[in-house]
file upload-v5.pdb (PDB, C-alpha atoms, pLDDT in the B column)
ATOM      1  CA  MET A   1      66.776  34.893 106.137  1.00 48.00           C
ATOM      2  CA  ASN A   2      68.730  34.770 102.861  1.00 52.00           C
ATOM      3  CA  LEU A   3      71.914  32.807 102.185  1.00 50.00           C
ATOM      4  CA  TYR A   4      74.087  35.949 102.406  1.00 53.00           C
ATOM      5  CA  TRP A   5      72.961  36.675 105.937  1.00 62.00           C
ATOM      6  CA  SER A   6      73.143  33.000 106.887  1.00 82.00           C
ATOM      7  CA  THR A   7      76.806  32.860 105.829  1.00 85.00           C
ATOM      8  CA  GLU A   8      77.652  35.927 107.913  1.00 89.00           C
ATOM      9  CA  LEU A   9      75.797  34.636 110.959  1.00 89.00           C
ATOM     10  CA  LEU A  10      77.672  31.351 110.535  1.00 91.00           C
ATOM     11  CA  ILE A  11      80.983  33.262 110.580  1.00 92.00           C
ATOM     12  CA  LEU A  12      79.956  34.975 113.828  1.00 92.00           C
ATOM     13  CA  ALA A  13      78.844  31.697 115.391  1.00 92.00           C
ATOM     14  CA  LEU A  14      82.051  29.877 114.387  1.00 94.00           C
ATOM     15  CA  ALA A  15      84.304  32.714 115.595  1.00 94.00           C
ATOM     16  CA  THR A  16      82.472  32.814 118.920  1.00 95.00           C
ATOM     17  CA  THR A  17      82.557  29.037 119.366  1.00 96.00           C
ATOM     18  CA  PHE A  18      86.233  28.721 118.419  1.00 96.00           C
ATOM     19  CA  SER A  19      87.154  31.552 120.802  1.00 97.00           C
ATOM     20  CA  ILE A  20      85.209  30.015 123.693  1.00 97.00           C
ATOM     21  CA  VAL A  21      86.898  26.647 123.216  1.00 97.00           C
ATOM     22  CA  GLY A  22      90.353  28.235 122.885  1.00 97.00           C
ATOM     23  CA  SER A  23      89.787  30.417 125.946  1.00 97.00           C
ATOM     24  CA  LEU A  24      88.649  27.480 128.070  1.00 97.00           C
ATOM     25  CA  LEU A  25      91.830  25.595 127.157  1.00 97.00           C
ATOM     26  CA  ILE A  26      93.847  28.483 128.625  1.00 97.00           C
ATOM     27  CA  ILE A  27      91.534  29.338 131.545  1.00 97.00           C
ATOM     28  CA  ARG A  28      91.937  25.796 132.910  1.00 96.00           C
ATOM     29  CA  PHE A  29      95.534  26.623 133.917  1.00 96.00           C
ATOM     30  CA  ASP A  30      94.287  29.227 136.438  1.00 96.00           C
ATOM     31  CA  TRP A  31      90.537  29.620 136.152  1.00 96.00           C
ATOM     32  CA  LYS A  32      90.220  32.434 138.682  1.00 96.00           C
ATOM     33  CA  ARG A  33      92.824  34.781 137.186  1.00 97.00           C
ATOM     34  CA  TYR A  34      92.470  33.877 133.515  1.00 98.00           C
ATOM     35  CA  GLY A  35      88.695  33.820 133.937  1.00 97.00           C
ATOM     36  CA  LEU A  36      88.700  37.295 135.477  1.00 98.00           C
ATOM     37  CA  LEU A  37      91.047  38.563 132.752  1.00 98.00           C
ATOM     38  CA  PHE A  38      88.682  37.097 130.137  1.00 98.00           C
ATOM     39  CA  LEU A  39      85.701  38.929 131.648  1.00 97.00           C
ATOM     40  CA  ILE A  40      87.510  42.257 132.098  1.00 98.00           C
ATOM     41  CA  SER A  41      88.958  42.276 128.574  1.00 98.00           C
ATOM     42  CA  GLY A  42      85.578  41.273 127.110  1.00 97.00           C
ATOM     43  CA  LEU A  43      83.800  44.025 129.045  1.00 97.00           C
ATOM     44  CA  VAL A  44      86.337  46.680 128.023  1.00 97.00           C
ATOM     45  CA  GLY A  45      86.189  45.487 124.407  1.00 96.00           C
ATOM     46  CA  ASN A  46      82.400  45.825 124.352  1.00 96.00           C
ATOM     47  CA  ILE A  47      82.492  49.258 126.003  1.00 96.00           C
ATOM     48  CA  LEU A  48      85.032  50.571 123.492  1.00 96.00           C
ATOM     49  CA  CYS A  49      83.101  49.062 120.610  1.00 95.00           C
ATOM     50  CA  TYR A  50      79.842  50.548 121.863  1.00 95.00           C
ATOM     51  CA  ILE A  51      81.438  54.006 122.117  1.00 95.00           C
ATOM     52  CA  PHE A  52      82.839  53.740 118.581  1.00 94.00           C
ATOM     53  CA  VAL A  53      79.502  52.565 117.170  1.00 94.00           C
ATOM     54  CA  LYS A  54      77.499  55.280 118.955  1.00 94.00           C
ATOM     55  CA  THR A  55      80.028  57.871 117.761  1.00 92.00           C
ATOM     56  CA  GLY A  56      79.386  56.685 114.225  1.00 92.00           C
ATOM     57  CA  PHE A  57      82.881  55.468 113.436  1.00 93.00           C
ATOM     58  CA  TYR A  58      81.667  52.059 112.253  1.00 93.00           C
ATOM     59  CA  SER A  59      78.565  49.872 112.299  1.00 93.00           C
ATOM     60  CA  PHE A  60      77.555  46.203 112.238  1.00 93.00           C
ATOM     61  CA  PRO A  61      74.720  45.680 109.715  1.00 91.00           C
ATOM     62  CA  VAL A  62      74.456  41.925 110.434  1.00 88.00           C
ATOM     63  CA  ARG A  63      74.237  40.651 114.012  1.00 88.00           C
ATOM     64  CA  ILE A  64      73.055  37.463 115.683  1.00 86.00           C
ATOM     65  CA  PHE A  65      70.839  39.461 118.074  1.00 87.00           C
ATOM     66  CA  PRO A  66      69.872  42.622 116.127  1.00 86.00           C
ATOM     67  CA  LYS A  67      66.957  43.459 118.442  1.00 86.00           C
ATOM     68  CA  ILE A  68      69.121  43.301 121.571  1.00 89.00           C
ATOM     69  CA  SER A  69      72.354  45.009 120.579  1.00 90.00           C
ATOM     70  CA  ILE A  70      73.754  47.408 117.979  1.00 93.00           C
ATOM     71  CA  MET A  71      76.920  45.299 117.807  1.00 93.00           C
ATOM     72  CA  PRO A  72      77.900  41.603 117.888  1.00 92.00           C
ATOM     73  CA  PHE A  73      78.568  41.641 121.643  1.00 93.00           C
ATOM     74  CA  GLU A  74      78.895  37.843 121.820  1.00 93.00           C
ATOM     75  CA  ALA A  75      81.781  37.834 119.321  1.00 93.00           C
ATOM     76  CA  ILE A  76      83.515  40.820 120.941  1.00 94.00           C
ATOM     77  CA  LEU A  77      83.043  39.200 124.356  1.00 95.00           C
ATOM     78  CA  THR A  78      84.854  36.052 123.195  1.00 96.00           C
ATOM     79  CA  VAL A  79      87.203  36.722 120.252  1.00 96.00           C
ATOM     80  CA  PHE A  80      89.192  39.611 121.723  1.00 96.00           C
ATOM     81  CA  PRO A  81      89.518  38.055 125.203  1.00 97.00           C
ATOM     82  CA  PHE A  82      90.766  34.840 123.572  1.00 97.00           C
ATOM     83  CA  TYR A  83      93.551  36.812 121.892  1.00 96.00           C
ATOM     84  CA  VAL A  84      94.298  38.499 125.231  1.00 97.00           C
ATOM     85  CA  LEU A  85      94.577  35.154 127.033  1.00 98.00           C
ATOM     86  CA  LEU A  86      96.728  33.796 124.214  1.00 97.00           C
ATOM     87  CA  GLY A  87      99.059  36.769 124.572  1.00 96.00           C
ATOM     88  CA  VAL A  88      99.340  36.623 128.364  1.00 97.00           C
ATOM     89  CA  ARG A  89      99.875  32.868 128.320  1.00 97.00           C
ATOM     90  CA  TYR A  90     102.440  32.632 125.495  1.00 97.00           C
ATOM     91  CA  SER A  91     104.012  36.036 124.771  1.00 96.00           C
ATOM     92  CA  PRO A  92     107.767  36.161 125.437  1.00 95.00           C
ATOM     93  CA  LYS A  93     108.962  37.999 128.536  1.00 93.00           C
ATOM     94  CA  SER A  94     111.439  40.278 126.762  1.00 93.00           C
ATOM     95  CA  TRP A  95     109.951  43.214 124.839  1.00 92.00           C
ATOM     96  CA  ALA A  96     112.452  42.550 122.060  1.00 92.00           C
ATOM     97  CA  TYR A  97     110.488  39.358 121.315  1.00 94.00           C
ATOM     98  CA  LYS A  98     107.103  40.383 122.722  1.00 95.00           C
ATOM     99  CA  ILE A  99     106.697  43.042 120.015  1.00 94.00           C
ATOM    100  CA  PRO A 100     107.073  40.584 117.089  1.00 93.00           C
ATOM    101  CA  PHE A 101     104.661  38.247 118.895  1.00 96.00           C
ATOM    102  CA  TYR A 102     101.960  40.913 119.146  1.00 96.00           C
ATOM    103  CA  TRP A 103     102.834  42.247 115.727  1.00 95.00           C
ATOM    104  CA  THR A 104     101.794  38.868 114.358  1.00 95.00           C
ATOM    105  CA  ILE A 105      98.569  38.758 116.399  1.00 95.00           C
ATOM    106  CA  VAL A 106      97.602  42.279 115.329  1.00 95.00           C
ATOM    107  CA  HIS A 107      98.362  41.578 111.673  1.00 94.00           C
ATOM    108  CA  LEU A 108      96.331  38.369 111.679  1.00 94.00           C
ATOM    109  CA  GLY A 109      93.478  40.238 113.356  1.00 93.00           C
ATOM    110  CA  MET A 110      93.635  43.070 110.827  1.00 92.00           C
ATOM    111  CA  LEU A 111      93.787  40.577 107.958  1.00 92.00           C
ATOM    112  CA  GLY A 112      90.592  38.984 109.252  1.00 92.00           C
ATOM    113  CA  GLU A 113      88.915  42.355 109.797  1.00 92.00           C
ATOM    114  CA  THR A 114      89.852  43.556 106.296  1.00 90.00           C
ATOM    115  CA  LEU A 115      88.540  40.367 104.674  1.00 90.00           C
ATOM    116  CA  ILE A 116      85.293  40.707 106.632  1.00 92.00           C
ATOM    117  CA  LEU A 117      85.041  44.408 105.745  1.00 89.00           C
ATOM    118  CA  ASN A 118      85.419  43.757 102.016  1.00 87.00           C
ATOM    119  CA  SER A 119      83.610  40.419 101.692  1.00 89.00           C
ATOM    120  CA  THR A 120      80.672  40.613 104.116  1.00 90.00           C
ATOM    121  CA  LYS A 121      78.232  42.996 105.753  1.00 89.00           C
ATOM    122  CA  LEU A 122      79.443  42.197 109.251  1.00 91.00           C
ATOM    123  CA  ILE A 123      81.159  45.580 109.616  1.00 92.00           C
ATOM    124  CA  ASP A 124      81.148  48.912 107.785  1.00 92.00           C
ATOM    125  CA  TYR A 125      83.607  51.750 108.330  1.00 91.00           C
ATOM    126  CA  ASN A 126      81.748  55.042 108.571  1.00 89.00           C
ATOM    127  CA  PHE A 127      82.630  58.553 109.726  1.00 79.00           C
ATOM    128  CA  LYS A 128      86.390  59.181 109.725  1.00 81.00           C
ATOM    129  CA  TRP A 129      87.344  55.565 110.520  1.00 86.00           C
ATOM    130  CA  ASP A 130      89.762  53.576 108.417  1.00 83.00           C
ATOM    131  CA  PHE A 131      92.314  50.770 108.371  1.00 82.00           C
ATOM    132  CA  TRP A 132      94.876  52.722 110.434  1.00 86.00           C
ATOM    133  CA  ASP A 133      92.394  53.552 113.175  1.00 91.00           C
ATOM    134  CA  SER A 134      91.609  49.870 113.637  1.00 92.00           C
ATOM    135  CA  TYR A 135      95.290  48.967 113.481  1.00 92.00           C
ATOM    136  CA  THR A 136      96.156  51.522 116.169  1.00 94.00           C
ATOM    137  CA  TRP A 137      93.379  50.378 118.513  1.00 95.00           C
ATOM    138  CA  TRP A 138      94.342  46.706 118.115  1.00 96.00           C
ATOM    139  CA  TRP A 139      97.822  47.632 119.366  1.00 96.00           C
ATOM    140  CA  ILE A 140      96.550  49.765 122.245  1.00 97.00           C
ATOM    141  CA  TYR A 141      94.107  47.071 123.392  1.00 97.00           C
ATOM    142  CA  PHE A 142      96.530  44.155 123.337  1.00 96.00           C
ATOM    143  CA  LEU A 143      99.492  45.968 124.865  1.00 96.00           C
ATOM    144  CA  LEU A 144      97.255  47.344 127.627  1.00 97.00           C
ATOM    145  CA  PHE A 145      95.926  43.886 128.448  1.00 97.00           C
ATOM    146  CA  ASP A 146      99.354  42.292 128.215  1.00 97.00           C
ATOM    147  CA  TRP A 147     100.383  44.661 131.006  1.00 97.00           C
ATOM    148  CA  ILE A 148      97.202  44.046 133.017  1.00 97.00           C
ATOM    149  CA  GLY A 149      97.381  40.306 132.411  1.00 97.00           C
ATOM    150  CA  ASN A 150     100.959  40.059 133.610  1.00 96.00           C
ATOM    151  CA  LEU A 151      99.935  41.828 136.818  1.00 97.00           C
ATOM    152  CA  MET A 152      97.046  39.418 137.342  1.00 96.00           C
ATOM    153  CA  VAL A 153      98.373  36.048 136.198  1.00 97.00           C
ATOM    154  CA  PRO A 154     101.397  34.581 138.048  1.00 96.00           C
ATOM    155  CA  GLU A 155     104.383  33.346 136.066  1.00 94.00           C
ATOM    156  CA  LYS A 156     103.682  29.738 137.041  1.00 95.00           C
ATOM    157  CA  ALA A 157     100.424  29.923 135.032  1.00 96.00           C
ATOM    158  CA  GLN A 158     102.188  31.366 131.975  1.00 97.00           C
ATOM    159  CA  ARG A 159     104.199  29.565 129.332  1.00 97.00           C
ATOM    160  CA  PRO A 160     106.050  32.218 127.321  1.00 96.00           C
ATOM    161  CA  ILE A 161     107.645  31.224 124.048  1.00 96.00           C
ATOM    162  CA  SER A 162     111.372  30.972 124.649  1.00 94.00           C
ATOM    163  CA  GLN A 163     113.624  33.704 123.325  1.00 93.00           C
ATOM    164  CA  ASP A 164     115.777  31.055 121.701  1.00 94.00           C
ATOM    165  CA  SER A 165     112.832  30.139 119.435  1.00 95.00           C
ATOM    166  CA  PHE A 166     113.009  33.635 117.910  1.00 93.00           C
ATOM    167  CA  ARG A 167     116.624  33.273 116.853  1.00 91.00           C
ATOM    168  CA  TYR A 168     117.437  33.114 113.145  1.00 92.00           C
ATOM    169  CA  GLY A 169     116.252  29.861 111.571  1.00 91.00           C
ATOM    170  CA  LYS A 170     114.251  28.657 114.583  1.00 95.00           C
ATOM    171  CA  TRP A 171     110.518  27.875 114.311  1.00 95.00           C
ATOM    172  CA  ALA A 172     109.230  31.136 115.872  1.00 94.00           C
ATOM    173  CA  TRP A 173     111.565  33.248 113.724  1.00 94.00           C
ATOM    174  CA  ILE A 174     110.284  31.504 110.571  1.00 95.00           C
ATOM    175  CA  VAL A 175     106.571  31.536 111.471  1.00 95.00           C
ATOM    176  CA  PHE A 176     106.397  35.084 112.813  1.00 94.00           C
ATOM    177  CA  HIS A 177     108.506  36.573 110.000  1.00 92.00           C
ATOM    178  CA  PHE A 178     106.430  34.763 107.381  1.00 94.00           C
ATOM    179  CA  ILE A 179     103.112  36.027 108.780  1.00 94.00           C
ATOM    180  CA  VAL A 180     104.282  39.619 109.273  1.00 92.00           C
ATOM    181  CA  ILE A 181     105.914  39.894 105.831  1.00 92.00           C
ATOM    182  CA  ILE A 182     102.931  38.366 103.999  1.00 93.00           C
ATOM    183  CA  THR A 183     100.401  40.550 105.838  1.00 91.00           C
ATOM    184  CA  ILE A 184     102.480  43.707 105.243  1.00 89.00           C
ATOM    185  CA  PHE A 185     102.570  42.839 101.537  1.00 88.00           C
ATOM    186  CA  LEU A 186      98.798  42.217 101.460  1.00 84.00           C
ATOM    187  CA  GLY A 187      98.171  45.405 103.452  1.00 77.00           C
ATOM    188  CA  GLY A 188     100.231  47.376 100.951  1.00 76.00           C
ATOM    189  CA  LEU A 189      98.250  45.914  98.056  1.00 76.00           C
ATOM    190  CA  TYR A 190      94.986  46.719  99.820  1.00 71.00           C
ATOM    191  CA  LEU A 191      95.908  50.319 100.684  1.00 69.00           C
ATOM    192  CA  GLY A 192      97.330  50.864  97.204  1.00 69.00           C
ATOM    193  CA  GLY A 193      94.116  49.568  95.671  1.00 67.00           C
ATOM    194  CA  VAL A 194      91.987  51.779  97.909  1.00 61.00           C
ATOM    195  CA  MET A 195      94.021  54.877  97.027  1.00 61.00           C
ATOM    196  CA  PHE A 196      94.100  54.046  93.297  1.00 65.00           C
ATOM    197  CA  PHE A 197      90.376  53.360  92.911  1.00 60.00           C
ATOM    198  CA  GLN A 198      89.099  56.207  95.095  1.00 58.00           C
TER     199      GLN A 198
END
call {"tool": "encode", "arguments": {"input": "upload-v5.pdb", "output": "structure tokens"}}
result
Amino acid sequence: MNLYWSTELLILALATTFSIVGSLLIIRFDWKRYGLLFLISGLVGNILCYIFVKTGFYSFPVRIFPKISIMPFEAILTVFPFYVLLGVRYSPKSWAYKIPFYWTIVHLGMLGETLILNSTKLIDYNFKWDFWDSYTWWWIYFLLFDWIGNLMVPEKAQRPISQDSFRYGKWAWIVFHFIVIITIFLGGLYLGGVMFFQ
């Protein structure tokens, strides 16, 4: 195994480990409901990913278990459910503030995916799949599971960020605006570069 592959496998292992630890910290507040939500979102994530890979939209050249699966099922089974649990636990109740919350999560996810796409062999976009397809499916997945999660997990097990924190000058307003603006700027640079050099 060369150093290039070792680095990519290390990224997968760290992402999986971090997501497991983060998920357990949330699951402890209601292990039955959050645990079930974790499993359902992980299963749906793997099914969708499997369909997209078999359709030829994208592929995963480097995997921890290449002889067992055509995709990094262990990362998909942990990373996406962790984001789902994070959203259900902390997203604001009002859609006026829930949208910026998920906007930030989706943009951070797409930033990570784009860096991995361009710097590693963990994922390759193939037939008719691009940045906007991933972006759209991130939104669909997280909004769907926010709805499902809020049906499953009682309010007493949630701790939504207060709406007051999103007011001008407050910590959430500063953090979420900063992340969204920076990632939009970086996304524009990336898409401009792709269009210019094609």
call {"tool": "resolve_selection", "arguments": {"input": "upload-v5.pdb", "expression": "the PyMOL selection byres ((chain A and resi 33) around 12)", "output": "count of residues only"}}
result
28
call {"tool": "residues_around", "arguments": {"input": "upload-v5.pdb", "residues": "range 49-52 of chain A", "least_positions_apart": "2", "cutoff": "10 Å", "atoms": "all atoms listed in the file", "output": "MDAnalysis selection string"}}
result
chainID A and resid 43:47 54:59 69:73 76 129
call {"tool": "write_last_selection", "arguments": {"input": "upload-v5.pdb", "atoms": "C-alpha atoms", "output": "mmCIF file, in the coordinates of the input"}}
result
data_model
loop_
_atom_site.group_PDB
_atom_site.id
_atom_site.type_symbol
_atom_site.label_atom_id
_atom_site.label_comp_id
_atom_site.auth_asym_id
_atom_site.auth_seq_id
_atom_site.Cartn_x
_atom_site.Cartn_y
_atom_site.Cartn_z
ATOM 1 C CA LEU A 43 83.800 44.025 129.045
ATOM 2 C CA VAL A 44 86.337 46.680 128.023
ATOM 3 C CA GLY A 45 86.189 45.487 124.407
ATOM 4 C CA ASN A 46 82.400 45.825 124.352
ATOM 5 C CA ILE A 47 82.492 49.258 126.003
ATOM 6 C CA LYS A 54 77.499 55.280 118.955
ATOM 7 C CA THR A 55 80.028 57.871 117.761
ATOM 8 C CA GLY A 56 79.386 56.685 114.225
ATOM 9 C CA PHE A 57 82.881 55.468 113.436
ATOM 10 C CA TYR A 58 81.667 52.059 112.253
ATOM 11 C CA SER A 59 78.565 49.872 112.299
ATOM 12 C CA SER A 69 72.354 45.009 120.579
ATOM 13 C CA ILE A 70 73.754 47.408 117.979
ATOM 14 C CA MET A 71 76.920 45.299 117.807
ATOM 15 C CA PRO A 72 77.900 41.603 117.888
ATOM 16 C CA PHE A 73 78.568 41.641 121.643
ATOM 17 C CA ILE A 76 83.515 40.820 120.941
ATOM 18 C CA TRP A 129 87.344 55.565 110.520
#
call {"tool": "closest_residue", "arguments": {"input": "upload-v5.pdb", "among": "A:Val53, A:Met110, A:Ala15, A:Leu10", "to": "Ile179 in chain A", "atoms": "only C-alpha atoms"}}
result
A:Met110
call {"tool": "atom_distance", "arguments": {"input": "upload-v5.pdb", "atom1": "CA of Ile181 in chain A", "atom2": "CA of Tyr83 in chain A"}}
result
20.5 Å
call {"tool": "resolve_selection", "arguments": {"input": "upload-v5.pdb", "expression": "the PyMOL selection byres ((chain A and resi 92) around 8)", "output": "JSON list (two decimals) with C-alpha atoms, keeping the file's coordinate frame"}}
result
[["chain", "number", "residue", "atom", "x", "y", "z"],
["A", 90, "TYR", "CA", 102.44, 32.63, 125.50],
["A", 91, "SER", "CA", 104.01, 36.04, 124.77],
["A", 93, "LYS", "CA", 108.96, 38.00, 128.54],
["A", 94, "SER", "CA", 111.44, 40.28, 126.76],
["A", 95, "TRP", "CA", 109.95, 43.21, 124.84],
["A", 97, "TYR", "CA", 110.49, 39.36, 121.32],
["A", 98, "LYS", "CA", 107.10, 40.38, 122.72],
["A", 101, "PHE", "CA", 104.66, 38.25, 118.90],
["A", 160, "PRO", "CA", 106.05, 32.22, 127.32],
["A", 161, "ILE", "CA", 107.64, 31.22, 124.05],
["A", 162, "SER", "CA", 111.37, 30.97, 124.65],
["A", 163, "GLN", "CA", 113.62, 33.70, 123.32]]
call {"tool": "closest_residue", "arguments": {"input": "upload-v5.pdb", "among": "A:Thr17, A:Leu122, A:Leu115, A:His107", "to": "Val62 in chain A", "atoms": "only C-alpha atoms"}}
result
A:Leu122
call {"tool": "closest_residue", "arguments": {"input": "upload-v5.pdb", "among": "A:Ile116, A:Ile140, A:Leu111, A:Ile105", "to": "Phe176 in chain A", "atoms": "only C-alpha atoms"}}
result
A:Ile105
call {"tool": "resolve_selection", "arguments": {"input": "upload-v5.pdb", "expression": "the PyMOL selection byres ((chain A and resi 13) around 12)", "output": "JSON, numbers by chain"}}
result
{"A": [6, 7, 8, 9, 10, 11, 12, 14, 15, 16, 17, 18, 19, 20, 63, 64, 65, 72, 73, 74, 75, 76, 78, 79]}
call {"tool": "write_last_selection", "arguments": {"input": "upload-v5.pdb", "atoms": "C-alpha atoms", "output": "PDB file, keeping the file's coordinate frame"}}
result
ATOM      1  CA  SER A   6      73.143  33.000 106.887  1.00 82.00           C
ATOM      2  CA  THR A   7      76.806  32.860 105.829  1.00 85.00           C
ATOM      3  CA  GLU A   8      77.652  35.927 107.913  1.00 89.00           C
ATOM      4  CA  LEU A   9      75.797  34.636 110.959  1.00 89.00           C
ATOM      5  CA  LEU A  10      77.672  31.351 110.535  1.00 91.00           C
ATOM      6  CA  ILE A  11      80.983  33.262 110.580  1.00 92.00           C
ATOM      7  CA  LEU A  12      79.956  34.975 113.828  1.00 92.00           C
ATOM      8  CA  LEU A  14      82.051  29.877 114.387  1.00 94.00           C
ATOM      9  CA  ALA A  15      84.304  32.714 115.595  1.00 94.00           C
ATOM     10  CA  THR A  16      82.472  32.814 118.920  1.00 95.00           C
ATOM     11  CA  THR A  17      82.557  29.037 119.366  1.00 96.00           C
ATOM     12  CA  PHE A  18      86.233  28.721 118.419  1.00 96.00           C
ATOM     13  CA  SER A  19      87.154  31.552 120.802  1.00 97.00           C
ATOM     14  CA  ILE A  20      85.209  30.015 123.693  1.00 97.00           C
ATOM     15  CA  ARG A  63      74.237  40.651 114.012  1.00 88.00           C
ATOM     16  CA  ILE A  64      73.055  37.463 115.683  1.00 86.00           C
ATOM     17  CA  PHE A  65      70.839  39.461 118.074  1.00 87.00           C
ATOM     18  CA  PRO A  72      77.900  41.603 117.888  1.00 92.00           C
ATOM     19  CA  PHE A  73      78.568  41.641 121.643  1.00 93.00           C
ATOM     20  CA  GLU A  74      78.895  37.843 121.820  1.00 93.00           C
ATOM     21  CA  ALA A  75      81.781  37.834 119.321  1.00 93.00           C
ATOM     22  CA  ILE A  76      83.515  40.820 120.941  1.00 94.00           C
ATOM     23  CA  THR A  78      84.854  36.052 123.195  1.00 96.00           C
ATOM     24  CA  VAL A  79      87.203  36.722 120.252  1.00 96.00           C
TER      25      VAL A  79
END
call {"tool": "closest_residue", "arguments": {"input": "upload-v5.pdb", "among": "A:Leu186, A:Pro61, A:Trp173, A:Thr104", "to": "Ile123 in chain A", "atoms": "all atoms listed in the file"}}
result
A:Pro61
call {"tool": "atom_distance", "arguments": {"input": "upload-v5.pdb", "atom1": "CA of Gly42 in chain A", "atom2": "CA of Pro81 in chain A"}}
result
5.4 Å
call {"tool": "atom_distance", "arguments": {"input": "upload-v5.pdb", "atom1": "CA of Asp130 in chain A", "atom2": "CA of Pro100 in chain A"}}
result
23.3 Å
call {"tool": "residues_around", "arguments": {"input": "upload-v5.pdb", "residues": "Gly87 in chain A", "least_positions_apart": "5", "cutoff": "8 Å", "atoms": "only C-alpha atoms", "output": "list of chain:residue names"}}
result
A:Tyr102, A:Phe142, A:Asp146
call {"tool": "decode", "arguments": {"input": "upload-v5.pdb", "residues": "range 28-34 of chain A", "atoms": "all heavy atoms", "output": "compact mmCIF listing (two decimals), in the first residue's frame"}}
result
# COMPACT_ATOMS: atom_id res chain seq x y z
N ARG A 28 -26.78 9.66 23.41
CA ARG A 28 -26.94 9.45 24.85
C ARG A 28 -28.13 10.22 25.44
O ARG A 28 -28.63 9.86 26.51
CB ARG A 28 -25.65 9.83 25.59
CG ARG A 28 -25.33 11.32 25.52
CD ARG A 28 -23.90 11.60 25.98
NE ARG A 28 -23.53 12.98 25.76
CZ ARG A 28 -23.55 13.93 26.69
NH1 ARG A 28 -23.94 13.63 27.93
NH2 ARG A 28 -23.21 15.15 26.40
N PHE A 29 -28.62 11.24 24.74
CA PHE A 29 -29.75 12.02 25.25
C PHE A 29 -31.08 11.27 25.09
O PHE A 29 -32.04 11.55 25.79
CB PHE A 29 -29.83 13.38 24.56
CG PHE A 29 -28.68 14.28 24.90
CD1 PHE A 29 -27.70 14.57 23.96
CD2 PHE A 29 -28.56 14.83 26.17
CE1 PHE A 29 -26.63 15.40 24.27
CE2 PHE A 29 -27.49 15.66 26.50
CZ PHE A 29 -26.51 15.94 25.53
N ASP A 30 -31.14 10.35 24.12
CA ASP A 30 -32.32 9.50 23.93
C ASP A 30 -31.86 8.37 23.00
O ASP A 30 -32.06 8.44 21.78
CB ASP A 30 -33.47 10.29 23.30
CG ASP A 30 -34.78 9.51 23.29
OD1 ASP A 30 -34.73 8.26 23.19
OD2 ASP A 30 -35.85 10.13 23.38
N TRP A 31 -31.25 7.35 23.58
CA TRP A 31 -30.57 6.35 22.77
C TRP A 31 -31.51 5.57 21.87
O TRP A 31 -31.12 5.16 20.77
CB TRP A 31 -29.76 5.41 23.65
CG TRP A 31 -30.58 4.51 24.55
CD1 TRP A 31 -31.02 4.77 25.81
CD2 TRP A 31 -31.04 3.19 24.22
NE1 TRP A 31 -31.73 3.72 26.30
CE2 TRP A 31 -31.76 2.71 25.35
CE3 TRP A 31 -30.92 2.37 23.11
CZ2 TRP A 31 -32.36 1.46 25.38
CZ3 TRP A 31 -31.51 1.11 23.14
CH2 TRP A 31 -32.22 0.67 24.26
N LYS A 32 -32.74 5.37 22.28
CA LYS A 32 -33.68 4.62 21.44
C LYS A 32 -34.03 5.40 20.18
O LYS A 32 -33.93 4.88 19.06
CB LYS A 32 -34.95 4.29 22.21
CG LYS A 32 -34.77 3.20 23.26
CD LYS A 32 -36.10 2.87 23.92
CE LYS A 32 -35.93 1.77 24.96
NZ LYS A 32 -37.22 1.46 25.63
N ARG A 33 -34.46 6.65 20.34
CA ARG A 33 -34.92 7.43 19.18
C ARG A 33 -33.76 7.94 18.33
O ARG A 33 -33.79 7.82 17.10
CB ARG A 33 -35.81 8.57 19.66
CG ARG A 33 -37.12 8.07 20.27
CD ARG A 33 -37.96 9.21 20.79
NE ARG A 33 -39.23 8.75 21.35
CZ ARG A 33 -39.38 8.35 22.61
NH1 ARG A 33 -38.35 8.35 23.44
NH2 ARG A 33 -40.56 7.96 23.05
N TYR A 34 -32.76 8.53 18.98
CA TYR A 34 -31.60 8.99 18.21
C TYR A 34 -30.85 7.81 17.59
O TYR A 34 -30.34 7.91 16.46
CB TYR A 34 -30.64 9.80 19.09
CG TYR A 34 -31.01 11.25 19.23
CD1 TYR A 34 -31.20 11.83 20.48
CD2 TYR A 34 -31.15 12.08 18.11
CE1 TYR A 34 -31.53 13.16 20.63
CE2 TYR A 34 -31.48 13.42 18.24
CZ TYR A 34 -31.66 13.95 19.50
OH TYR A 34 -32.00 15.29 19.63
